Amino acid sequence: MIKKKNSPKYIFVLGGVISGVGKGVTASSMGKILQDRGYTVTSIKIDPYVNVDAGTMNPTEHGEVFVLDDGYETDQDMGNYERFLNTTLTSDNYMTTGRVYQGVIEKERSMFYKGACVQVVPHVPLEVISRIKTAQKKAKADCVMIEIGGTIGEYENILFLEAARMMKSETPDDVACVVVSYMPIPSTIGEMKTKPTQHAVRTLQASGLWPDMIVARSVLPLDAKRKEKLSFFCNVKPDQIISAPDVKSIYDIPINFEKENVGDILCEVLALPKRHANYKKGELNRIAWGKFVNKVHTSKTEVKIAIIGKYFDTGDFMLSDAYLSVIEAIKHSAYSLNKKPVISWINSGEFEVSKSKTLAMVRKSLKDLSNYDGVIVPGGFGARGVAGKLEAVKYVRENKIPYLGICYGMQLAVIEYARNVAGVRDATSKELDSDALHQVITIMESQKEKVEKENYGGSMRLGNYKAKLLDKSIIAKAYGNNVITERHRHRYEVNNEYVDTLKEKGLVFSGTSPDGKLMEFIELPKKAHPFFVATQAHPEFKSHPLSPHPLFVAFIKASSR
Ligand code: GLN
């Protein structure tokens, strides 16, 4: 095989045994390690489902929908990549089975294949490879991290494994395969078991691939005995088997991986120089990361934040996945201020009178909000849980608890203010009651036809939009700028017919679209409330450990007072 000089390197990250053991964080951490060595890194996430993007999926089923600058609605792992690599990614960095097939079918319809019989193999994996290479070229990346969703052995991701196999057989020195696998420690046995991973690797071998590295995820570190066993049965050198026990913070992982020599091993496997001309820049990044992680471990003064949402339940379990970026943004800003964030998730249903609850019970749980230093109502859709959110917003406004409203959290704050301060008693949103008289939140003009035609996929107001901020407002001070750009994901907006009434009653519209037509931010003056700020945008998507988001920093500062 001819070794190409300076050819880009591709690292496939695959999951063994079960999902949810941190493939995304592993891929992000490995990318970060290579970045610290001065390499330009980009990341790709492949999701095997048929949906063309993640936008139409219920968050309780799939977790957060992460929106990119260009408006593409993706999986939450894309957020991990942006946060770990301190970068922004584009729709070229994400694909699903649906999107790949859509691409193949469009090409076929335009005679791209020149009359050939278009087949699942090789045409589909070739389309995958072409997309991977496009992302590499656009990012001018030395190294591309590619996470294949799901686990080895699933029917769904087989065509993506085939793409990896095709790439590895063509340029073996440029392609590495990392298997992130789970080692259970059954309580009845009390011993860490390697057998499930052995099976996963055998199944991978049946696809013509083999691991260059195994990341052994478990509650505890891997001992020498199990390392030997895995090495013997999986054809991987013992030093290429990485112990990855549970950690206190995901941001520890790049540092732990360096201790396990992951960077050197990857460079060796990929025939990359262990250092690079640009190493100095990477070194600065590494130091900044170390400082951040140090704060994660040493910050003592607590700041208690409540997130009031509704996408928490899955069967008998509670998951916070739907609000991942909000949670991470709180952490970034709190640690940057040397504060220890204590985050609680509250189901907004708790603040609603129901068959099982009396008004007294609801009042009591609303009072519990006083135990928090700050409250966030994040994005959301539909009527379920809204009544409770409105009660909570009223409570924090009246009791002067710092409040940050995000997207739906801003729309509901406007409704609450209209109802309880501006005297529009039956104020509501068109999303909640399409025939209501006082729709203080209404559908955007550009969205009407889409909703009528039931064109729901990728059709919201999505991605980056500019806003101009009011001079000397709380938010302008926080951003340190009067023109800002944030990512969006919504169909509804403040109804301008009510803006004057709300203004007269003290609500400040402190940020609008550049043409002044769309209300992007609201706030209450400092003399009325210590921190009552909300935005139509999703600032959480732009917060990174090394660049905490200014709005979250301002919110945590206010919450710490
Ligand atoms: N449901 C609201 C809208 O579509 C808010 C969306 C959100 O919070 N992301 O406008």
# chains A, B, ... in the order shown; residues from 1 in each chain; ligands from 1

call {"tool": "residues_around", "arguments": {"residues": "Val353 (chain A)", "least_positions_apart": "6", "cutoff": "10 Å", "atoms": "only C-alpha atoms", "output": "NGL selection string"}}
result
:A and (359-363 or 387-388)

call {"tool": "write_last_selection", "arguments": {"atoms": "N, CA, C and O atoms", "output": "PDB file, in the first residue's frame"}}
result
ATOM      1  N   LEU A 359     -54.813  22.945  45.260  1.00  0.00           N
ATOM      2  CA  LEU A 359     -54.213  24.263  45.095  1.00  0.00           C
ATOM      3  C   LEU A 359     -53.139  24.498  46.164  1.00  0.00           C
ATOM      4  O   LEU A 359     -52.074  25.054  45.893  1.00  0.00           O
ATOM      5  N   ALA A 360     -53.429  24.025  47.390  1.00  0.00           N
ATOM      6  CA  ALA A 360     -52.471  24.215  48.485  1.00  0.00           C
ATOM      7  C   ALA A 360     -51.151  23.515  48.173  1.00  0.00           C
ATOM      8  O   ALA A 360     -50.072  24.051  48.432  1.00  0.00           O
ATOM      9  N   MET A 361     -51.253  22.328  47.603  1.00  0.00           N
ATOM     10  CA  MET A 361     -50.031  21.589  47.251  1.00  0.00           C
ATOM     11  C   MET A 361     -49.229  22.356  46.197  1.00  0.00           C
ATOM     12  O   MET A 361     -48.006  22.455  46.270  1.00  0.00           O
ATOM     13  N   VAL A 362     -49.941  22.906  45.215  1.00  0.00           N
ATOM     14  CA  VAL A 362     -49.263  23.653  44.158  1.00  0.00           C
ATOM     15  C   VAL A 362     -48.579  24.890  44.738  1.00  0.00           C
ATOM     16  O   VAL A 362     -47.427  25.191  44.435  1.00  0.00           O
ATOM     17  N   ARG A 363     -49.305  25.597  45.622  1.00  0.00           N
ATOM     18  CA  ARG A 363     -48.733  26.800  46.243  1.00  0.00           C
ATOM     19  C   ARG A 363     -47.458  26.457  46.995  1.00  0.00           C
ATOM     20  O   ARG A 363     -46.477  27.169  46.959  1.00  0.00           O
ATOM     21  N   ALA A 387     -49.217  25.554  31.691  1.00  0.00           N
ATOM     22  CA  ALA A 387     -49.857  26.210  32.837  1.00  0.00           C
ATOM     23  C   ALA A 387     -48.885  26.282  34.007  1.00  0.00           C
ATOM     24  O   ALA A 387     -48.767  27.328  34.677  1.00  0.00           O
ATOM     25  N   GLY A 388     -48.162  25.208  34.239  1.00  0.00           N
ATOM     26  CA  GLY A 388     -47.205  25.169  35.341  1.00  0.00           C
ATOM     27  C   GLY A 388     -46.047  26.129  35.122  1.00  0.00           C
ATOM     28  O   GLY A 388     -45.583  26.805  36.051  1.00  0.00           O
TER      29      GLY A 388
END

call {"tool": "residues_near_ligand", "arguments": {"ligand": "ligand 1", "cutoff": "9 Å", "atoms": "only C-alpha atoms and all ligand atoms", "output": "PyMOL selection string"}}
result
chain A and resi 378-382+406-411+431+441-444+460-461+488-493+536-538

call {"tool": "residues_around", "arguments": {"residues": "Asn157 (chain A)", "least_positions_apart": "5", "cutoff": "8 Å", "atoms": "only C-alpha atoms", "output": "JSON, numbers by chain"}}
result
{"A": [48, 148, 149, 150, 151, 152]}

call {"tool": "write_last_selection", "arguments": {"atoms": "N, CA, C and O atoms", "output": "PDB file, in the first residue's frame"}}
result
ATOM      1  N   PRO A  48     -28.053   6.533  12.521  1.00  0.00           N
ATOM      2  CA  PRO A  48     -28.572   5.531  11.575  1.00  0.00           C
ATOM      3  C   PRO A  48     -30.080   5.597  11.320  1.00  0.00           C
ATOM      4  O   PRO A  48     -30.567   4.832  10.507  1.00  0.00           O
ATOM      5  N   ILE A 148     -20.197   6.753  14.614  1.00  0.00           N
ATOM      6  CA  ILE A 148     -21.336   6.034  14.035  1.00  0.00           C
ATOM      7  C   ILE A 148     -22.289   5.678  15.165  1.00  0.00           C
ATOM      8  O   ILE A 148     -21.922   4.968  16.106  1.00  0.00           O
ATOM      9  N   GLY A 149     -23.513   6.188  15.075  1.00  0.00           N
ATOM     10  CA  GLY A 149     -24.489   5.974  16.142  1.00  0.00           C
ATOM     11  C   GLY A 149     -24.916   4.513  16.263  1.00  0.00           C
ATOM     12  O   GLY A 149     -24.671   3.697  15.376  1.00  0.00           O
ATOM     13  N   GLY A 150     -25.551   4.203  17.363  1.00  0.00           N
ATOM     14  CA  GLY A 150     -25.996   2.827  17.606  1.00  0.00           C
ATOM     15  C   GLY A 150     -24.838   1.959  18.070  1.00  0.00           C
ATOM     16  O   GLY A 150     -23.759   2.453  18.387  1.00  0.00           O
ATOM     17  N   THR A 151     -25.069   0.668  18.082  1.00  0.00           N
ATOM     18  CA  THR A 151     -24.002  -0.240  18.525  1.00  0.00           C
ATOM     19  C   THR A 151     -23.693  -1.274  17.454  1.00  0.00           C
ATOM     20  O   THR A 151     -24.508  -1.521  16.559  1.00  0.00           O
ATOM     21  N   ILE A 152     -22.515  -1.861  17.567  1.00  0.00           N
ATOM     22  CA  ILE A 152     -22.085  -2.894  16.619  1.00  0.00           C
ATOM     23  C   ILE A 152     -23.061  -4.064  16.703  1.00  0.00           C
ATOM     24  O   ILE A 152     -23.441  -4.476  17.796  1.00  0.00           O
TER      25      ILE A 152
END

call {"tool": "residues_around", "arguments": {"residues": "Asp77 (chain A)", "least_positions_apart": "4", "cutoff": "12 Å", "atoms": "only C-alpha atoms", "output": "PyMOL selection string"}}
result
chain A and resi 20+22-29+43-47+54+62-68+73+81-84+89+93-94+146-149+321-322+324-325+541

call {"tool": "closest_residue", "arguments": {"among": "A:Glu540, A:Asp174, A:Asp515, A:Asp36", "to": "Glu258 (chain A)", "atoms": "only C-alpha atoms"}}
result
A:Asp36

call {"tool": "residues_around", "arguments": {"residues": "Leu412 (chain A)", "least_positions_apart": "2", "cutoff": "9 Å", "atoms": "only C-alpha atoms", "output": "list of chain:residue names"}}
result
A:Val377, A:Val386, A:Lys389, A:Leu390, A:Val393, A:Gly405, A:Cys407, A:Tyr408, A:Gly409, A:Met410, A:Val414, A:Ile415, A:Glu416, A:Tyr417, A:Thr428, A:Ser429, A:Ile441

call {"tool": "residues_around", "arguments": {"residues": "Leu266 (chain A)", "least_positions_apart": "5", "cutoff": "9 Å", "atoms": "only C-alpha atoms", "output": "number ranges by chain"}}
result
A: 11, 30, 34, 176, 212-213, 261, 271-272, 274

call {"tool": "residues_around", "arguments": {"residues": "Gly374 (chain A)", "least_positions_apart": "2", "cutoff": "8 Å", "atoms": "only C-alpha atoms", "output": "list of chain:residue names"}}
result
A:Lys304, A:Ile305, A:Ala306, A:Tyr372, A:Ile376, A:Ile401, A:Pro402, A:Tyr403, A:Leu404, A:Phe555, A:Ile556, A:Ser559

call {"tool": "select_by_dssp", "arguments": {"residues": "region 167-208 of chain A", "states": "strand (DSSP E)", "output": "PyMOL selection string"}}
result
chain A and resi 175-182

call {"tool": "write_last_selection", "arguments": {"atoms": "all heavy atoms", "output": "mmCIF file, in the first residue's frame"}}
result
data_model
loop_
_atom_site.group_PDB
_atom_site.id
_atom_site.type_symbol
_atom_site.label_atom_id
_atom_site.label_comp_id
_atom_site.auth_asym_id
_atom_site.auth_seq_id
_atom_site.Cartn_x
_atom_site.Cartn_y
_atom_site.Cartn_z
ATOM 1 N N VAL A 175 -6.904 5.328 8.308
ATOM 2 C CA VAL A 175 -8.201 5.076 8.955
ATOM 3 C C VAL A 175 -8.005 4.251 10.231
ATOM 4 O O VAL A 175 -7.349 3.207 10.199
ATOM 5 C CB VAL A 175 -9.163 4.328 7.990
ATOM 6 C CG1 VAL A 175 -10.492 4.050 8.671
ATOM 7 C CG2 VAL A 175 -9.377 5.151 6.713
ATOM 8 N N ALA A 176 -8.558 4.750 11.319
ATOM 9 C CA ALA A 176 -8.502 4.000 12.570
ATOM 10 C C ALA A 176 -9.913 3.715 13.054
ATOM 11 O O ALA A 176 -10.841 4.464 12.767
ATOM 12 C CB ALA A 176 -7.737 4.790 13.623
ATOM 13 N N CYS A 177 -10.028 2.607 13.775
ATOM 14 C CA CYS A 177 -11.324 2.208 14.317
ATOM 15 C C CYS A 177 -11.206 2.136 15.837
ATOM 16 O O CYS A 177 -10.388 1.399 16.356
ATOM 17 C CB CYS A 177 -11.613 0.806 13.816
ATOM 18 S SG CYS A 177 -12.992 0.718 12.778
ATOM 19 N N VAL A 178 -12.033 2.912 16.501
ATOM 20 C CA VAL A 178 -12.027 2.885 17.968
ATOM 21 C C VAL A 178 -13.350 2.282 18.422
ATOM 22 O O VAL A 178 -14.408 2.726 17.985
ATOM 23 C CB VAL A 178 -11.883 4.318 18.527
ATOM 24 C CG1 VAL A 178 -12.026 4.325 20.042
ATOM 25 C CG2 VAL A 178 -10.556 4.932 18.094
ATOM 26 N N VAL A 179 -13.280 1.268 19.258
ATOM 27 C CA VAL A 179 -14.518 0.677 19.784
ATOM 28 C C VAL A 179 -14.689 1.117 21.240
ATOM 29 O O VAL A 179 -13.817 0.885 22.073
ATOM 30 C CB VAL A 179 -14.496 -0.862 19.673
ATOM 31 C CG1 VAL A 179 -15.677 -1.470 20.422
ATOM 32 C CG2 VAL A 179 -14.530 -1.286 18.217
ATOM 33 N N VAL A 180 -15.782 1.804 21.498
ATOM 34 C CA VAL A 180 -16.097 2.210 22.874
ATOM 35 C C VAL A 180 -17.072 1.173 23.404
ATOM 36 O O VAL A 180 -18.196 1.071 22.921
ATOM 37 C CB VAL A 180 -16.752 3.608 22.901
ATOM 38 C CG1 VAL A 180 -16.964 4.067 24.338
ATOM 39 C CG2 VAL A 180 -15.905 4.616 22.138
ATOM 40 N N SER A 181 -16.615 0.386 24.358
ATOM 41 C CA SER A 181 -17.436 -0.752 24.759
ATOM 42 C C SER A 181 -17.680 -0.764 26.259
ATOM 43 O O SER A 181 -16.912 -0.211 27.032
ATOM 44 C CB SER A 181 -16.752 -2.042 24.329
ATOM 45 O OG SER A 181 -17.681 -3.093 24.396
ATOM 46 N N TYR A 182 -18.757 -1.408 26.627
ATOM 47 C CA TYR A 182 -19.164 -1.393 28.032
ATOM 48 C C TYR A 182 -18.776 -2.697 28.727
ATOM 49 O O TYR A 182 -19.021 -3.785 28.216
ATOM 50 C CB TYR A 182 -20.676 -1.189 28.115
ATOM 51 C CG TYR A 182 -21.150 -1.047 29.533
ATOM 52 C CD1 TYR A 182 -20.709 0.022 30.317
ATOM 53 C CD2 TYR A 182 -22.011 -1.980 30.107
ATOM 54 C CE1 TYR A 182 -21.126 0.148 31.634
ATOM 55 C CE2 TYR A 182 -22.427 -1.843 31.417
ATOM 56 C CZ TYR A 182 -21.980 -0.784 32.172
ATOM 57 O OH TYR A 182 -22.377 -0.658 33.471
#

call {"tool": "atom_distance", "arguments": {"atom1": "CA of Ala224 (chain A)", "atom2": "CA of Pro211 (chain A)"}}
result
19.1 Å

call {"tool": "atom_distance", "arguments": {"atom1": "CA of Trp289 (chain A)", "atom2": "CA of Ile484 (chain A)"}}
result
25.7 Å

call {"tool": "decode", "arguments": {"residues": "region 80-91 of chain A", "atoms": "all heavy atoms", "output": "mmCIF file, in the first residue's frame"}}
result
data_model
loop_
_atom_site.group_PDB
_atom_site.id
_atom_site.type_symbol
_atom_site.label_atom_id
_atom_site.label_comp_id
_atom_site.auth_asym_id
_atom_site.auth_seq_id
_atom_site.Cartn_x
_atom_site.Cartn_y
_atom_site.Cartn_z
ATOM 1 N N ASN A 80 -21.577 18.328 21.874
ATOM 2 C CA ASN A 80 -20.340 17.905 22.525
ATOM 3 C C ASN A 80 -19.121 18.243 21.675
ATOM 4 O O ASN A 80 -18.118 18.731 22.173
ATOM 5 C CB ASN A 80 -20.356 16.391 22.777
ATOM 6 C CG ASN A 80 -21.158 16.050 24.021
ATOM 7 O OD1 ASN A 80 -21.158 16.821 24.987
ATOM 8 N ND2 ASN A 80 -21.846 14.930 23.999
ATOM 9 N N TYR A 81 -19.228 17.962 20.384
ATOM 10 C CA TYR A 81 -18.082 18.258 19.506
ATOM 11 C C TYR A 81 -17.759 19.748 19.526
ATOM 12 O O TYR A 81 -16.603 20.141 19.645
ATOM 13 C CB TYR A 81 -18.360 17.858 18.055
ATOM 14 C CG TYR A 81 -18.663 16.405 17.850
ATOM 15 C CD1 TYR A 81 -19.490 15.995 16.814
ATOM 16 C CD2 TYR A 81 -18.121 15.440 18.686
ATOM 17 C CE1 TYR A 81 -19.776 14.666 16.619
ATOM 18 C CE2 TYR A 81 -18.414 14.110 18.499
ATOM 19 C CZ TYR A 81 -19.237 13.725 17.463
ATOM 20 O OH TYR A 81 -19.544 12.413 17.265
ATOM 21 N N GLU A 82 -18.800 20.571 19.391
ATOM 22 C CA GLU A 82 -18.546 22.021 19.365
ATOM 23 C C GLU A 82 -17.942 22.475 20.689
ATOM 24 O O GLU A 82 -17.060 23.323 20.718
ATOM 25 C CB GLU A 82 -19.846 22.792 19.067
ATOM 26 C CG GLU A 82 -20.310 22.639 17.628
ATOM 27 C CD GLU A 82 -21.266 23.743 17.187
ATOM 28 O OE1 GLU A 82 -21.751 24.506 18.045
ATOM 29 O OE2 GLU A 82 -21.533 23.835 15.970
ATOM 30 N N ARG A 83 -18.438 21.904 21.785
ATOM 31 C CA ARG A 83 -17.947 22.342 23.097
ATOM 32 C C ARG A 83 -16.509 21.887 23.342
ATOM 33 O O ARG A 83 -15.681 22.642 23.824
ATOM 34 C CB ARG A 83 -18.874 21.831 24.197
ATOM 35 C CG ARG A 83 -20.243 22.509 24.192
ATOM 36 C CD ARG A 83 -21.078 22.129 25.375
ATOM 37 N NE ARG A 83 -21.739 20.858 25.237
ATOM 38 C CZ ARG A 83 -22.967 20.699 24.757
ATOM 39 N NH1 ARG A 83 -23.671 21.734 24.373
ATOM 40 N NH2 ARG A 83 -23.506 19.498 24.660
ATOM 41 N N PHE A 84 -16.217 20.645 23.005
ATOM 42 C CA PHE A 84 -14.863 20.135 23.269
ATOM 43 C C PHE A 84 -13.842 20.749 22.306
ATOM 44 O O PHE A 84 -12.709 21.014 22.677
ATOM 45 C CB PHE A 84 -14.823 18.607 23.155
ATOM 46 C CG PHE A 84 -15.248 17.901 24.412
ATOM 47 C CD1 PHE A 84 -16.580 17.890 24.811
ATOM 48 C CD2 PHE A 84 -14.322 17.256 25.223
ATOM 49 C CE1 PHE A 84 -16.982 17.243 25.971
ATOM 50 C CE2 PHE A 84 -14.705 16.606 26.384
ATOM 51 C CZ PHE A 84 -16.039 16.594 26.758
ATOM 52 N N LEU A 85 -14.240 20.930 21.066
ATOM 53 C CA LEU A 85 -13.290 21.443 20.074
ATOM 54 C C LEU A 85 -13.335 22.965 19.986
ATOM 55 O O LEU A 85 -12.601 23.555 19.198
ATOM 56 C CB LEU A 85 -13.558 20.823 18.695
ATOM 57 C CG LEU A 85 -13.478 19.290 18.630
ATOM 58 C CD1 LEU A 85 -13.813 18.798 17.229
ATOM 59 C CD2 LEU A 85 -12.099 18.778 19.032
ATOM 60 N N ASN A 86 -14.198 23.593 20.776
ATOM 61 C CA ASN A 86 -14.342 25.050 20.779
ATOM 62 C C ASN A 86 -14.509 25.574 19.351
ATOM 63 O O ASN A 86 -13.816 26.485 18.909
ATOM 64 C CB ASN A 86 -13.122 25.693 21.456
ATOM 65 C CG ASN A 86 -13.451 27.070 22.024
ATOM 66 O OD1 ASN A 86 -14.616 27.400 22.250
ATOM 67 N ND2 ASN A 86 -12.440 27.885 22.226
ATOM 68 N N THR A 87 -15.432 24.950 18.637
ATOM 69 C CA THR A 87 -15.559 25.263 17.216
ATOM 70 C C THR A 87 -17.031 25.334 16.831
ATOM 71 O O THR A 87 -17.908 25.115 17.662
ATOM 72 C CB THR A 87 -14.848 24.158 16.391
ATOM 73 O OG1 THR A 87 -14.780 24.574 15.034
ATOM 74 C CG2 THR A 87 -15.599 22.833 16.429
ATOM 75 N N THR A 88 -17.316 25.666 15.579
ATOM 76 C CA THR A 88 -18.682 25.552 15.079
ATOM 77 C C THR A 88 -18.678 24.599 13.886
ATOM 78 O O THR A 88 -17.737 24.595 13.097
ATOM 79 C CB THR A 88 -19.253 26.912 14.624
ATOM 80 O OG1 THR A 88 -18.343 27.474 13.697
ATOM 81 C CG2 THR A 88 -19.438 27.852 15.782
ATOM 82 N N LEU A 89 -19.727 23.805 13.793
ATOM 83 C CA LEU A 89 -19.803 22.806 12.725
ATOM 84 C C LEU A 89 -20.955 23.156 11.793
ATOM 85 O O LEU A 89 -21.770 24.029 12.105
ATOM 86 C CB LEU A 89 -20.000 21.416 13.336
ATOM 87 C CG LEU A 89 -18.861 20.966 14.266
ATOM 88 C CD1 LEU A 89 -19.257 19.721 15.045
ATOM 89 C CD2 LEU A 89 -17.577 20.709 13.492
ATOM 90 N N THR A 90 -21.010 22.450 10.664
ATOM 91 C CA THR A 90 -22.068 22.749 9.688
ATOM 92 C C THR A 90 -22.839 21.479 9.350
ATOM 93 O O THR A 90 -22.485 20.393 9.805
ATOM 94 C CB THR A 90 -21.482 23.304 8.368
ATOM 95 O OG1 THR A 90 -20.880 22.200 7.684
ATOM 96 C CG2 THR A 90 -20.460 24.373 8.610
ATOM 97 N N SER A 91 -23.839 21.621 8.500
ATOM 98 C CA SER A 91 -24.652 20.461 8.127
ATOM 99 C C SER A 91 -23.812 19.404 7.408
ATOM 100 O O SER A 91 -24.224 18.246 7.326
ATOM 101 C CB SER A 91 -25.833 20.899 7.262
ATOM 102 O OG SER A 91 -25.368 21.607 6.159
#
